[in-house]
Amino acid sequence: MTNDSTVTVYGTEQVKRARIAVAAVFTVHGAVTGSFATRVPWIQDHAGVSAGQLGLALAFPAIGASIAMPLAGRISHRFGARTALRGLLTLWTLALILPALAPNLITLCAALFVYGATAGMSDVAMNALGVEVENRLDKSIMSGLHGMWSVGALAGSAAGTVAAHTATDARTHHLVAALVLTTLGLIACRNVLDIQSRTDEEPPPRFTLPPKSALVIGAVGFCAVFAEGASLDWSAVYLRDVLDSSDGLAAASTTAFALMMAVARIAGDRIVDRFGAVRTVRTGGVVATAGGLLVVFSPSPAVAMCGFGLLGLGVAVVVPLAFAAAGRSGPNPSQPIAGVATITYTSGLIAPSAIGSLAEATSLVVSFGVVTVLALGLVLGAGVLRSADRKVTGSAVGGGTKTKSATGT
């Protein structure tokens with residue numbers, strides 16, 4: 001690797017190791033989210049906030065992410081992709097400690113602001129490296145990488161379910177989880193691609209409007225990620241407050257959602273290659289809509305858990321395909337990928353707040369009725385992802401010279 005050029009020749013084995021490494025990073029990132037989501041009811045009770053106040057607090061990750069995400073490209077430009085990812089991922093794993101420490105609404109909002117800012121920056125950095133590895137392998141891997149994120153979310157939510165079932169203090173649970181995940185993240189980052197910017201290259205802008213292509217593709221991603229964010233952060237509360245289930249069973253609903261996300265994403269690359277992006281997303285929208293209807297009209301916790309599982313199955317591959325479509329929507333893929341990343345990620349962070357605010361004004365049942373409508377939007381809007389259907393144009397392994405990543409490095 002030279003410091004004056006982003007063009008680097010990697011051998012096949014190096015790229016394969018980088019793929020494994022970035023997959024491990026996605027897993028660690030997802031585990032933080034799963035660990036947090038299952039303890040939201042505990043955090044709500046500890047901070048003494050209502051559903052509406054919790055919804056307000058859950059808006060602060062979106063605010064933090066929106067402000068901080070554009071900085072990821074500049075950090076990668078200055079320090080290189082590997083060092084940037086190592087630092088940003090560490091900040092994210094350690095930020096898990098903060099929300100459970102908050103004793104009131106104000107401190108919870110501050111903690112979730114930091115939580116969202118570190119989540120957003122590390123998410124952009126790892127997706128940029130994922131796109132870089134995909135370009136060098138010249139085959140679809142993004143669904144699988146996001147599948148590993150779901151595996152991490154599943155592992156984190158499973159551990160959280162056990163902690164909730166045994167009435168473990170979330171402060172202790174999240175401290176231990178953060179230390180373990182920080183260690184695993186640092187190990188994983190050792191083998192990711194070390195992309196460096198040219199010494200004469202201008203740093204990426206702090207903020208830039210996404211192109212029109214990203215807005216159209218991002219709208220479909222918005223629907224999917226809204227359903228994902230709502231389900232991850234509110235499924236446990238839904239079962240507890242609407243269907244009067246125990247804390248342990250309520251936390252298990254998050255696990256069911258994460259499990260179906262993981263299964264669909266891991267199998268996603270093969271499914272898309274066989275049936276195409278549009279048909280895959282359209283079918284997923286039908287499945288997700290059916291899941292939303294089960295949640296809304298559920299007579300029991302078991303039926304609602306099945307509904308959340310179908311929601312996870314239906315929306316799973318949309319985000320990876322949105323990244324793929326953005327990368328093929330213009331001559332310079334970095335800007336539309338960054339635009340879609342911002343739209344979809346912000347959607348996931350806005351969703352919990354919107355669900356809480358709507359629940360305060362109406363009910364959680366009505367809130368998930370909105371989620372169901374957005375799931376139906378996937379059926380109607382799937383056509384914009386047609387460019388995500390992969391067309392092999394030649395191997396980049398061994399002599400790969402595709403250099404621009406989503407962070408501009």
# chains A, B, ... in the order shown; residues from 1 in each chain; ligands from 1
$ select_by_dssp --residues "segment 25-273 of chain A" --states "alpha helix (DSSP H)" --output "ChimeraX atom specification"
/A:25-37,40-47,51-57,60-68,71-79,81-95,97-101,105-137,142-165,170-188,212-241,247-273
$ residues_around --residues "segment 16-21 of chain A" --least-positions-apart "5" --cutoff "8 Å" --atoms "only C-alpha atoms" --output "list in words"
Gly130, Val133, Ala188, Cys189, Arg190, Asn191, Val192 and Leu193 of chain A
$ write_last_selection --atoms "all heavy atoms" --output "PDB file, in the first residue's frame"
ATOM      1  N   GLY A 130     -17.077  -2.798   2.683  1.00  0.00           N
ATOM      2  CA  GLY A 130     -17.798  -3.916   2.090  1.00  0.00           C
ATOM      3  C   GLY A 130     -17.950  -3.746   0.592  1.00  0.00           C
ATOM      4  O   GLY A 130     -17.759  -4.697  -0.181  1.00  0.00           O
ATOM      5  N   VAL A 133     -14.577  -4.451  -1.111  1.00  0.00           N
ATOM      6  CA  VAL A 133     -14.301  -5.880  -1.249  1.00  0.00           C
ATOM      7  C   VAL A 133     -15.161  -6.486  -2.350  1.00  0.00           C
ATOM      8  O   VAL A 133     -14.692  -7.301  -3.158  1.00  0.00           O
ATOM      9  CB  VAL A 133     -14.538  -6.614   0.093  1.00  0.00           C
ATOM     10  CG1 VAL A 133     -14.441  -8.129  -0.092  1.00  0.00           C
ATOM     11  CG2 VAL A 133     -13.527  -6.155   1.139  1.00  0.00           C
ATOM     12  N   ALA A 188     -11.086  -8.115  14.556  1.00  0.00           N
ATOM     13  CA  ALA A 188     -11.635  -8.210  13.199  1.00  0.00           C
ATOM     14  C   ALA A 188     -11.026  -7.167  12.270  1.00  0.00           C
ATOM     15  O   ALA A 188     -10.783  -7.444  11.082  1.00  0.00           O
ATOM     16  CB  ALA A 188     -13.150  -8.057  13.245  1.00  0.00           C
ATOM     17  N   CYS A 189     -10.765  -5.975  12.779  1.00  0.00           N
ATOM     18  CA  CYS A 189     -10.272  -4.883  11.933  1.00  0.00           C
ATOM     19  C   CYS A 189      -8.848  -5.097  11.432  1.00  0.00           C
ATOM     20  O   CYS A 189      -8.402  -4.390  10.520  1.00  0.00           O
ATOM     21  CB  CYS A 189     -10.342  -3.561  12.697  1.00  0.00           C
ATOM     22  SG  CYS A 189     -12.016  -2.913  12.912  1.00  0.00           S
ATOM     23  N   ARG A 190      -8.151  -6.050  11.971  1.00  0.00           N
ATOM     24  CA  ARG A 190      -6.751  -6.246  11.596  1.00  0.00           C
ATOM     25  C   ARG A 190      -6.581  -6.646  10.135  1.00  0.00           C
ATOM     26  O   ARG A 190      -5.558  -6.341   9.518  1.00  0.00           O
ATOM     27  CB  ARG A 190      -6.108  -7.301  12.504  1.00  0.00           C
ATOM     28  CG  ARG A 190      -5.930  -6.834  13.939  1.00  0.00           C
ATOM     29  CD  ARG A 190      -5.658  -7.976  14.897  1.00  0.00           C
ATOM     30  NE  ARG A 190      -4.427  -8.680  14.558  1.00  0.00           N
ATOM     31  CZ  ARG A 190      -3.972  -9.749  15.221  1.00  0.00           C
ATOM     32  NH1 ARG A 190      -4.665 -10.219  16.251  1.00  0.00           N
ATOM     33  NH2 ARG A 190      -2.844 -10.321  14.876  1.00  0.00           N
ATOM     34  N   ASN A 191      -7.575  -7.324   9.551  1.00  0.00           N
ATOM     35  CA  ASN A 191      -7.432  -7.836   8.186  1.00  0.00           C
ATOM     36  C   ASN A 191      -8.326  -7.160   7.154  1.00  0.00           C
ATOM     37  O   ASN A 191      -8.426  -7.645   6.023  1.00  0.00           O
ATOM     38  CB  ASN A 191      -7.693  -9.345   8.171  1.00  0.00           C
ATOM     39  CG  ASN A 191      -6.558 -10.133   8.791  1.00  0.00           C
ATOM     40  OD1 ASN A 191      -5.388  -9.807   8.612  1.00  0.00           O
ATOM     41  ND2 ASN A 191      -6.886 -11.167   9.541  1.00  0.00           N
ATOM     42  N   VAL A 192      -9.000  -6.047   7.515  1.00  0.00           N
ATOM     43  CA  VAL A 192      -9.779  -5.347   6.496  1.00  0.00           C
ATOM     44  C   VAL A 192      -8.829  -4.633   5.533  1.00  0.00           C
ATOM     45  O   VAL A 192      -7.657  -4.407   5.845  1.00  0.00           O
ATOM     46  CB  VAL A 192     -10.763  -4.335   7.125  1.00  0.00           C
ATOM     47  CG1 VAL A 192     -11.748  -5.034   8.054  1.00  0.00           C
ATOM     48  CG2 VAL A 192     -10.017  -3.232   7.851  1.00  0.00           C
ATOM     49  N   LEU A 193      -9.314  -4.289   4.346  1.00  0.00           N
ATOM     50  CA  LEU A 193      -8.489  -3.583   3.370  1.00  0.00           C
ATOM     51  C   LEU A 193      -8.054  -2.236   3.922  1.00  0.00           C
ATOM     52  O   LEU A 193      -8.857  -1.514   4.521  1.00  0.00           O
ATOM     53  CB  LEU A 193      -9.259  -3.384   2.062  1.00  0.00           C
ATOM     54  CG  LEU A 193      -9.678  -4.650   1.303  1.00  0.00           C
ATOM     55  CD1 LEU A 193     -10.433  -4.269   0.045  1.00  0.00           C
ATOM     56  CD2 LEU A 193      -8.474  -5.512   0.969  1.00  0.00           C
TER      57      LEU A 193
END
$ atom_distance --atom1 "atom CA of His165 of chain A" --atom2 "atom CA of Ala258 of chain A"
17.9 Å
$ closest_atom_pairs --of "segment 120-190 of chain A" --to "segment 41-44 of chain A" --cutoff "9 Å" --atoms "only C-alpha atoms" --output "CSV"
residue,atom,partner,partner_atom,distance
A:Ala164,CA,A:Trp42,CA,8.2
A:Asp169,CA,A:Trp42,CA,8.3
A:Ala170,CA,A:Trp42,CA,7.0
$ write_last_selection --atoms "all heavy atoms" --output "short mmCIF file (atom, residue, chain, number, x, y, z; two decimals), in the first residue's frame"
data_model
loop_
_atom_site.label_atom_id
_atom_site.label_comp_id
_atom_site.auth_asym_id
_atom_site.auth_seq_id
_atom_site.Cartn_x
_atom_site.Cartn_y
_atom_site.Cartn_z
N ALA A 164 -32.57 -10.35 30.35
CA ALA A 164 -33.88 -9.87 30.78
C ALA A 164 -34.63 -10.94 31.54
O ALA A 164 -35.29 -10.66 32.56
CB ALA A 164 -34.69 -9.42 29.56
N ASP A 169 -29.30 -6.64 35.77
CA ASP A 169 -29.23 -5.20 35.62
C ASP A 169 -28.62 -4.88 34.25
O ASP A 169 -27.54 -5.37 33.90
CB ASP A 169 -28.36 -4.61 36.73
CG ASP A 169 -28.44 -3.09 36.79
OD1 ASP A 169 -28.16 -2.45 35.77
OD2 ASP A 169 -28.75 -2.56 37.88
N ALA A 170 -29.29 -4.04 33.46
CA ALA A 170 -28.81 -3.73 32.12
C ALA A 170 -27.47 -3.00 32.14
O ALA A 170 -26.70 -3.09 31.18
CB ALA A 170 -29.84 -2.90 31.36
#
$ residues_around --residues "Ala57 of chain A" --least-positions-apart "6" --cutoff "10 Å" --atoms "only C-alpha atoms" --output "PyMOL selection string"
chain A and resi 44+49+51+105-113+352-353+356
$ atom_distance --atom1 "atom CA of Thr161 of chain A" --atom2 "atom CA of Thr255 of chain A"
7.7 Å
$ residues_around --residues "Gly284 of chain A" --least-positions-apart "3" --cutoff "8 Å" --atoms "only C-alpha atoms" --output "CSV table (one decimal) with N, CA, C and O atoms, in the first residue's frame"
chain,number,residue,atom,x,y,z
A,280,THR,N,-37.4,-10.3,-6.1
A,280,THR,CA,-37.0,-10.6,-4.7
A,280,THR,C,-37.6,-9.6,-3.7
A,280,THR,O,-38.2,-10.0,-2.7
A,281,VAL,N,-37.4,-8.3,-4.1
A,281,VAL,CA,-37.9,-7.3,-3.2
A,281,VAL,C,-39.5,-7.2,-3.2
A,281,VAL,O,-40.1,-7.0,-2.1
A,287,VAL,N,-44.5,-10.5,1.9
A,287,VAL,CA,-44.3,-11.2,3.1
A,287,VAL,C,-44.3,-10.3,4.3
A,287,VAL,O,-44.9,-10.6,5.3
A,288,ALA,N,-43.6,-9.1,4.1
A,288,ALA,CA,-43.5,-8.2,5.2
A,288,ALA,C,-44.9,-7.6,5.5
A,288,ALA,O,-45.2,-7.4,6.7
A,313,LEU,N,-38.1,-11.2,7.7
A,313,LEU,CA,-37.9,-12.0,6.5
A,313,LEU,C,-38.1,-11.2,5.3
A,313,LEU,O,-37.4,-11.2,4.3
A,314,GLY,N,-39.2,-10.4,5.3
A,314,GLY,CA,-39.6,-9.6,4.1
A,314,GLY,C,-38.7,-8.4,3.8
A,314,GLY,O,-38.5,-8.1,2.6
A,315,VAL,N,-38.2,-7.7,4.8
A,315,VAL,CA,-37.4,-6.5,4.5
A,315,VAL,C,-35.9,-6.8,4.5
A,315,VAL,O,-35.1,-5.9,4.2
A,316,ALA,N,-35.5,-8.0,4.7
A,316,ALA,CA,-34.1,-8.3,5.0
A,316,ALA,C,-33.1,-7.9,3.9
A,316,ALA,O,-32.1,-7.3,4.1
A,378,LEU,N,-42.9,-1.5,-0.5
A,378,LEU,CA,-41.9,-2.3,-1.1
A,378,LEU,C,-42.4,-3.0,-2.4
A,378,LEU,O,-41.7,-3.1,-3.4
A,379,VAL,N,-43.6,-3.4,-2.3
A,379,VAL,CA,-44.3,-4.1,-3.5
A,379,VAL,C,-44.4,-3.1,-4.6
A,379,VAL,O,-44.1,-3.4,-5.8
$ residues_around --residues "Gly268 of chain A" --least-positions-apart "3" --cutoff "10 Å" --atoms "only C-alpha atoms" --output "list in words"
Ser140, Ile141, Met142, Ser143, Gly144, His146, Gly147, Ala262, Val263, Ala264, Arg265, Ile271, Val272, Asp273, Arg274, Ala277, Thr280, Ala316, Val317, Val318, Pro320 and Leu321 of chain A
$ residues_around --residues "Leu232 of chain A" --least-positions-apart "4" --cutoff "9 Å" --atoms "only C-alpha atoms" --output "VMD selection string"
chain A and resid 33 to 34 37 to 38 227 to 228 236 253 to 255 257 to 258 352
$ atom_distance --atom1 "atom CA of Thr289 of chain A" --atom2 "atom CA of Phe226 of chain A"
13.1 Å
$ closest_residue --among "A:Pro301, A:Leu94, A:Gly55, A:Phe79" --to "Glu360 of chain A" --atoms "only C-alpha atoms"
A:Gly55
$ closest_residue --among "A:Ala167, A:Ile350, A:Leu215, A:Leu385" --to "Ser246 of chain A" --atoms "only C-alpha atoms"
A:Ala167
$ decode --residues "segment 35-49 of chain A" --atoms "all heavy atoms" --output "PDB file, in the first residue's frame"
ATOM      1  N   SER A  35     -28.042  -6.039  21.438  1.00  0.00           N
ATOM      2  CA  SER A  35     -27.889  -5.928  22.889  1.00  0.00           C
ATOM      3  C   SER A  35     -28.704  -4.770  23.445  1.00  0.00           C
ATOM      4  O   SER A  35     -29.333  -4.881  24.504  1.00  0.00           O
ATOM      5  CB  SER A  35     -26.407  -5.742  23.245  1.00  0.00           C
ATOM      6  OG  SER A  35     -25.636  -6.851  22.834  1.00  0.00           O
ATOM      7  N   PHE A  36     -28.702  -3.656  22.711  1.00  0.00           N
ATOM      8  CA  PHE A  36     -29.464  -2.494  23.164  1.00  0.00           C
ATOM      9  C   PHE A  36     -30.967  -2.717  23.047  1.00  0.00           C
ATOM     10  O   PHE A  36     -31.737  -2.425  23.964  1.00  0.00           O
ATOM     11  CB  PHE A  36     -29.057  -1.269  22.343  1.00  0.00           C
ATOM     12  CG  PHE A  36     -29.958  -0.080  22.547  1.00  0.00           C
ATOM     13  CD1 PHE A  36     -29.891   0.671  23.700  1.00  0.00           C
ATOM     14  CD2 PHE A  36     -30.895   0.270  21.577  1.00  0.00           C
ATOM     15  CE1 PHE A  36     -30.729   1.767  23.891  1.00  0.00           C
ATOM     16  CE2 PHE A  36     -31.735   1.347  21.760  1.00  0.00           C
ATOM     17  CZ  PHE A  36     -31.649   2.107  22.918  1.00  0.00           C
ATOM     18  N   ALA A  37     -31.399  -3.255  21.893  1.00  0.00           N
ATOM     19  CA  ALA A  37     -32.835  -3.334  21.602  1.00  0.00           C
ATOM     20  C   ALA A  37     -33.596  -4.161  22.628  1.00  0.00           C
ATOM     21  O   ALA A  37     -34.715  -3.799  23.016  1.00  0.00           O
ATOM     22  CB  ALA A  37     -33.050  -3.906  20.196  1.00  0.00           C
ATOM     23  N   THR A  38     -33.009  -5.264  23.090  1.00  0.00           N
ATOM     24  CA  THR A  38     -33.734  -6.131  24.019  1.00  0.00           C
ATOM     25  C   THR A  38     -33.886  -5.517  25.399  1.00  0.00           C
ATOM     26  O   THR A  38     -34.749  -5.956  26.168  1.00  0.00           O
ATOM     27  CB  THR A  38     -33.010  -7.479  24.177  1.00  0.00           C
ATOM     28  OG1 THR A  38     -31.640  -7.245  24.503  1.00  0.00           O
ATOM     29  CG2 THR A  38     -33.094  -8.288  22.902  1.00  0.00           C
ATOM     30  N   ARG A  39     -33.073  -4.500  25.717  1.00  0.00           N
ATOM     31  CA  ARG A  39     -33.146  -3.894  27.052  1.00  0.00           C
ATOM     32  C   ARG A  39     -33.825  -2.535  27.051  1.00  0.00           C
ATOM     33  O   ARG A  39     -33.776  -1.823  28.068  1.00  0.00           O
ATOM     34  CB  ARG A  39     -31.738  -3.769  27.656  1.00  0.00           C
ATOM     35  CG  ARG A  39     -30.948  -5.074  27.727  1.00  0.00           C
ATOM     36  CD  ARG A  39     -31.728  -6.270  28.272  1.00  0.00           C
ATOM     37  NE  ARG A  39     -32.279  -6.084  29.588  1.00  0.00           N
ATOM     38  CZ  ARG A  39     -31.627  -6.367  30.722  1.00  0.00           C
ATOM     39  NH1 ARG A  39     -30.401  -6.873  30.681  1.00  0.00           N
ATOM     40  NH2 ARG A  39     -32.208  -6.184  31.885  1.00  0.00           N
ATOM     41  N   VAL A  40     -34.465  -2.185  25.938  1.00  0.00           N
ATOM     42  CA  VAL A  40     -35.186  -0.910  25.895  1.00  0.00           C
ATOM     43  C   VAL A  40     -36.251  -0.813  26.986  1.00  0.00           C
ATOM     44  O   VAL A  40     -36.382   0.234  27.640  1.00  0.00           O
ATOM     45  CB  VAL A  40     -35.788  -0.678  24.497  1.00  0.00           C
ATOM     46  CG1 VAL A  40     -36.782   0.494  24.505  1.00  0.00           C
ATOM     47  CG2 VAL A  40     -34.677  -0.407  23.485  1.00  0.00           C
ATOM     48  N   PRO A  41     -37.049  -1.872  27.253  1.00  0.00           N
ATOM     49  CA  PRO A  41     -38.012  -1.766  28.360  1.00  0.00           C
ATOM     50  C   PRO A  41     -37.339  -1.485  29.707  1.00  0.00           C
ATOM     51  O   PRO A  41     -37.854  -0.678  30.501  1.00  0.00           O
ATOM     52  CB  PRO A  41     -38.692  -3.145  28.360  1.00  0.00           C
ATOM     53  CG  PRO A  41     -38.582  -3.616  26.945  1.00  0.00           C
ATOM     54  CD  PRO A  41     -37.234  -3.139  26.494  1.00  0.00           C
ATOM     55  N   TRP A  42     -36.199  -2.130  29.976  1.00  0.00           N
ATOM     56  CA  TRP A  42     -35.466  -1.873  31.227  1.00  0.00           C
ATOM     57  C   TRP A  42     -34.987  -0.427  31.275  1.00  0.00           C
ATOM     58  O   TRP A  42     -35.108   0.253  32.294  1.00  0.00           O
ATOM     59  CB  TRP A  42     -34.275  -2.824  31.348  1.00  0.00           C
ATOM     60  CG  TRP A  42     -33.586  -2.802  32.691  1.00  0.00           C
ATOM     61  CD1 TRP A  42     -33.756  -3.680  33.722  1.00  0.00           C
ATOM     62  CD2 TRP A  42     -32.621  -1.838  33.148  1.00  0.00           C
ATOM     63  NE1 TRP A  42     -32.954  -3.323  34.793  1.00  0.00           N
ATOM     64  CE2 TRP A  42     -32.250  -2.194  34.469  1.00  0.00           C
ATOM     65  CE3 TRP A  42     -32.036  -0.706  32.587  1.00  0.00           C
ATOM     66  CZ2 TRP A  42     -31.327  -1.475  35.224  1.00  0.00           C
ATOM     67  CZ3 TRP A  42     -31.122   0.032  33.336  1.00  0.00           C
ATOM     68  CH2 TRP A  42     -30.770  -0.347  34.643  1.00  0.00           C
ATOM     69  N   ILE A  43     -34.425   0.047  30.166  1.00  0.00           N
ATOM     70  CA  ILE A  43     -33.919   1.417  30.114  1.00  0.00           C
ATOM     71  C   ILE A  43     -35.063   2.414  30.302  1.00  0.00           C
ATOM     72  O   ILE A  43     -34.921   3.425  30.996  1.00  0.00           O
ATOM     73  CB  ILE A  43     -33.185   1.645  28.769  1.00  0.00           C
ATOM     74  CG1 ILE A  43     -31.898   0.806  28.735  1.00  0.00           C
ATOM     75  CG2 ILE A  43     -32.874   3.118  28.556  1.00  0.00           C
ATOM     76  CD1 ILE A  43     -31.225   0.768  27.381  1.00  0.00           C
ATOM     77  N   GLN A  44     -36.217   2.124  29.710  1.00  0.00           N
ATOM     78  CA  GLN A  44     -37.386   2.994  29.872  1.00  0.00           C
ATOM     79  C   GLN A  44     -37.786   3.075  31.337  1.00  0.00           C
ATOM     80  O   GLN A  44     -38.032   4.176  31.865  1.00  0.00           O
ATOM     81  CB  GLN A  44     -38.553   2.472  29.035  1.00  0.00           C
ATOM     82  CG  GLN A  44     -39.829   3.289  29.172  1.00  0.00           C
ATOM     83  CD  GLN A  44     -41.003   2.685  28.414  1.00  0.00           C
ATOM     84  OE1 GLN A  44     -40.913   1.588  27.881  1.00  0.00           O
ATOM     85  NE2 GLN A  44     -42.116   3.406  28.373  1.00  0.00           N
ATOM     86  N   ASP A  45     -37.859   1.936  32.014  1.00  0.00           N
ATOM     87  CA  ASP A  45     -38.248   1.932  33.425  1.00  0.00           C
ATOM     88  C   ASP A  45     -37.198   2.614  34.294  1.00  0.00           C
ATOM     89  O   ASP A  45     -37.526   3.357  35.227  1.00  0.00           O
ATOM     90  CB  ASP A  45     -38.464   0.490  33.899  1.00  0.00           C
ATOM     91  CG  ASP A  45     -39.679  -0.161  33.260  1.00  0.00           C
ATOM     92  OD1 ASP A  45     -40.539   0.572  32.741  1.00  0.00           O
ATOM     93  OD2 ASP A  45     -39.758  -1.408  33.268  1.00  0.00           O
ATOM     94  N   HIS A  46     -35.924   2.368  34.014  1.00  0.00           N
ATOM     95  CA  HIS A  46     -34.846   2.956  34.821  1.00  0.00           C
ATOM     96  C   HIS A  46     -34.831   4.476  34.707  1.00  0.00           C
ATOM     97  O   HIS A  46     -34.615   5.183  35.702  1.00  0.00           O
ATOM     98  CB  HIS A  46     -33.494   2.386  34.380  1.00  0.00           C
ATOM     99  CG  HIS A  46     -32.331   2.959  35.108  1.00  0.00           C
ATOM    100  ND1 HIS A  46     -32.073   2.697  36.445  1.00  0.00           N
ATOM    101  CD2 HIS A  46     -31.327   3.792  34.700  1.00  0.00           C
ATOM    102  CE1 HIS A  46     -30.978   3.337  36.823  1.00  0.00           C
ATOM    103  NE2 HIS A  46     -30.504   4.006  35.783  1.00  0.00           N
ATOM    104  N   ALA A  47     -35.075   4.979  33.495  1.00  0.00           N
ATOM    105  CA  ALA A  47     -35.080   6.430  33.296  1.00  0.00           C
ATOM    106  C   ALA A  47     -36.401   7.064  33.699  1.00  0.00           C
ATOM    107  O   ALA A  47     -36.492   8.293  33.814  1.00  0.00           O
ATOM    108  CB  ALA A  47     -34.781   6.753  31.834  1.00  0.00           C
ATOM    109  N   GLY A  48     -37.435   6.235  33.931  1.00  0.00           N
ATOM    110  CA  GLY A  48     -38.732   6.737  34.348  1.00  0.00           C
ATOM    111  C   GLY A  48     -39.426   7.576  33.296  1.00  0.00           C
ATOM    112  O   GLY A  48     -39.977   8.637  33.600  1.00  0.00           O
ATOM    113  N   VAL A  49     -39.427   7.106  32.039  1.00  0.00           N
ATOM    114  CA  VAL A  49     -40.021   7.872  30.944  1.00  0.00           C
ATOM    115  C   VAL A  49     -41.233   7.136  30.386  1.00  0.00           C
ATOM    116  O   VAL A  49     -41.317   5.906  30.434  1.00  0.00           O
ATOM    117  CB  VAL A  49     -38.991   8.134  29.816  1.00  0.00           C
ATOM    118  CG1 VAL A  49     -37.844   8.977  30.338  1.00  0.00           C
ATOM    119  CG2 VAL A  49     -38.468   6.830  29.225  1.00  0.00           C
TER     120      VAL A  49
END
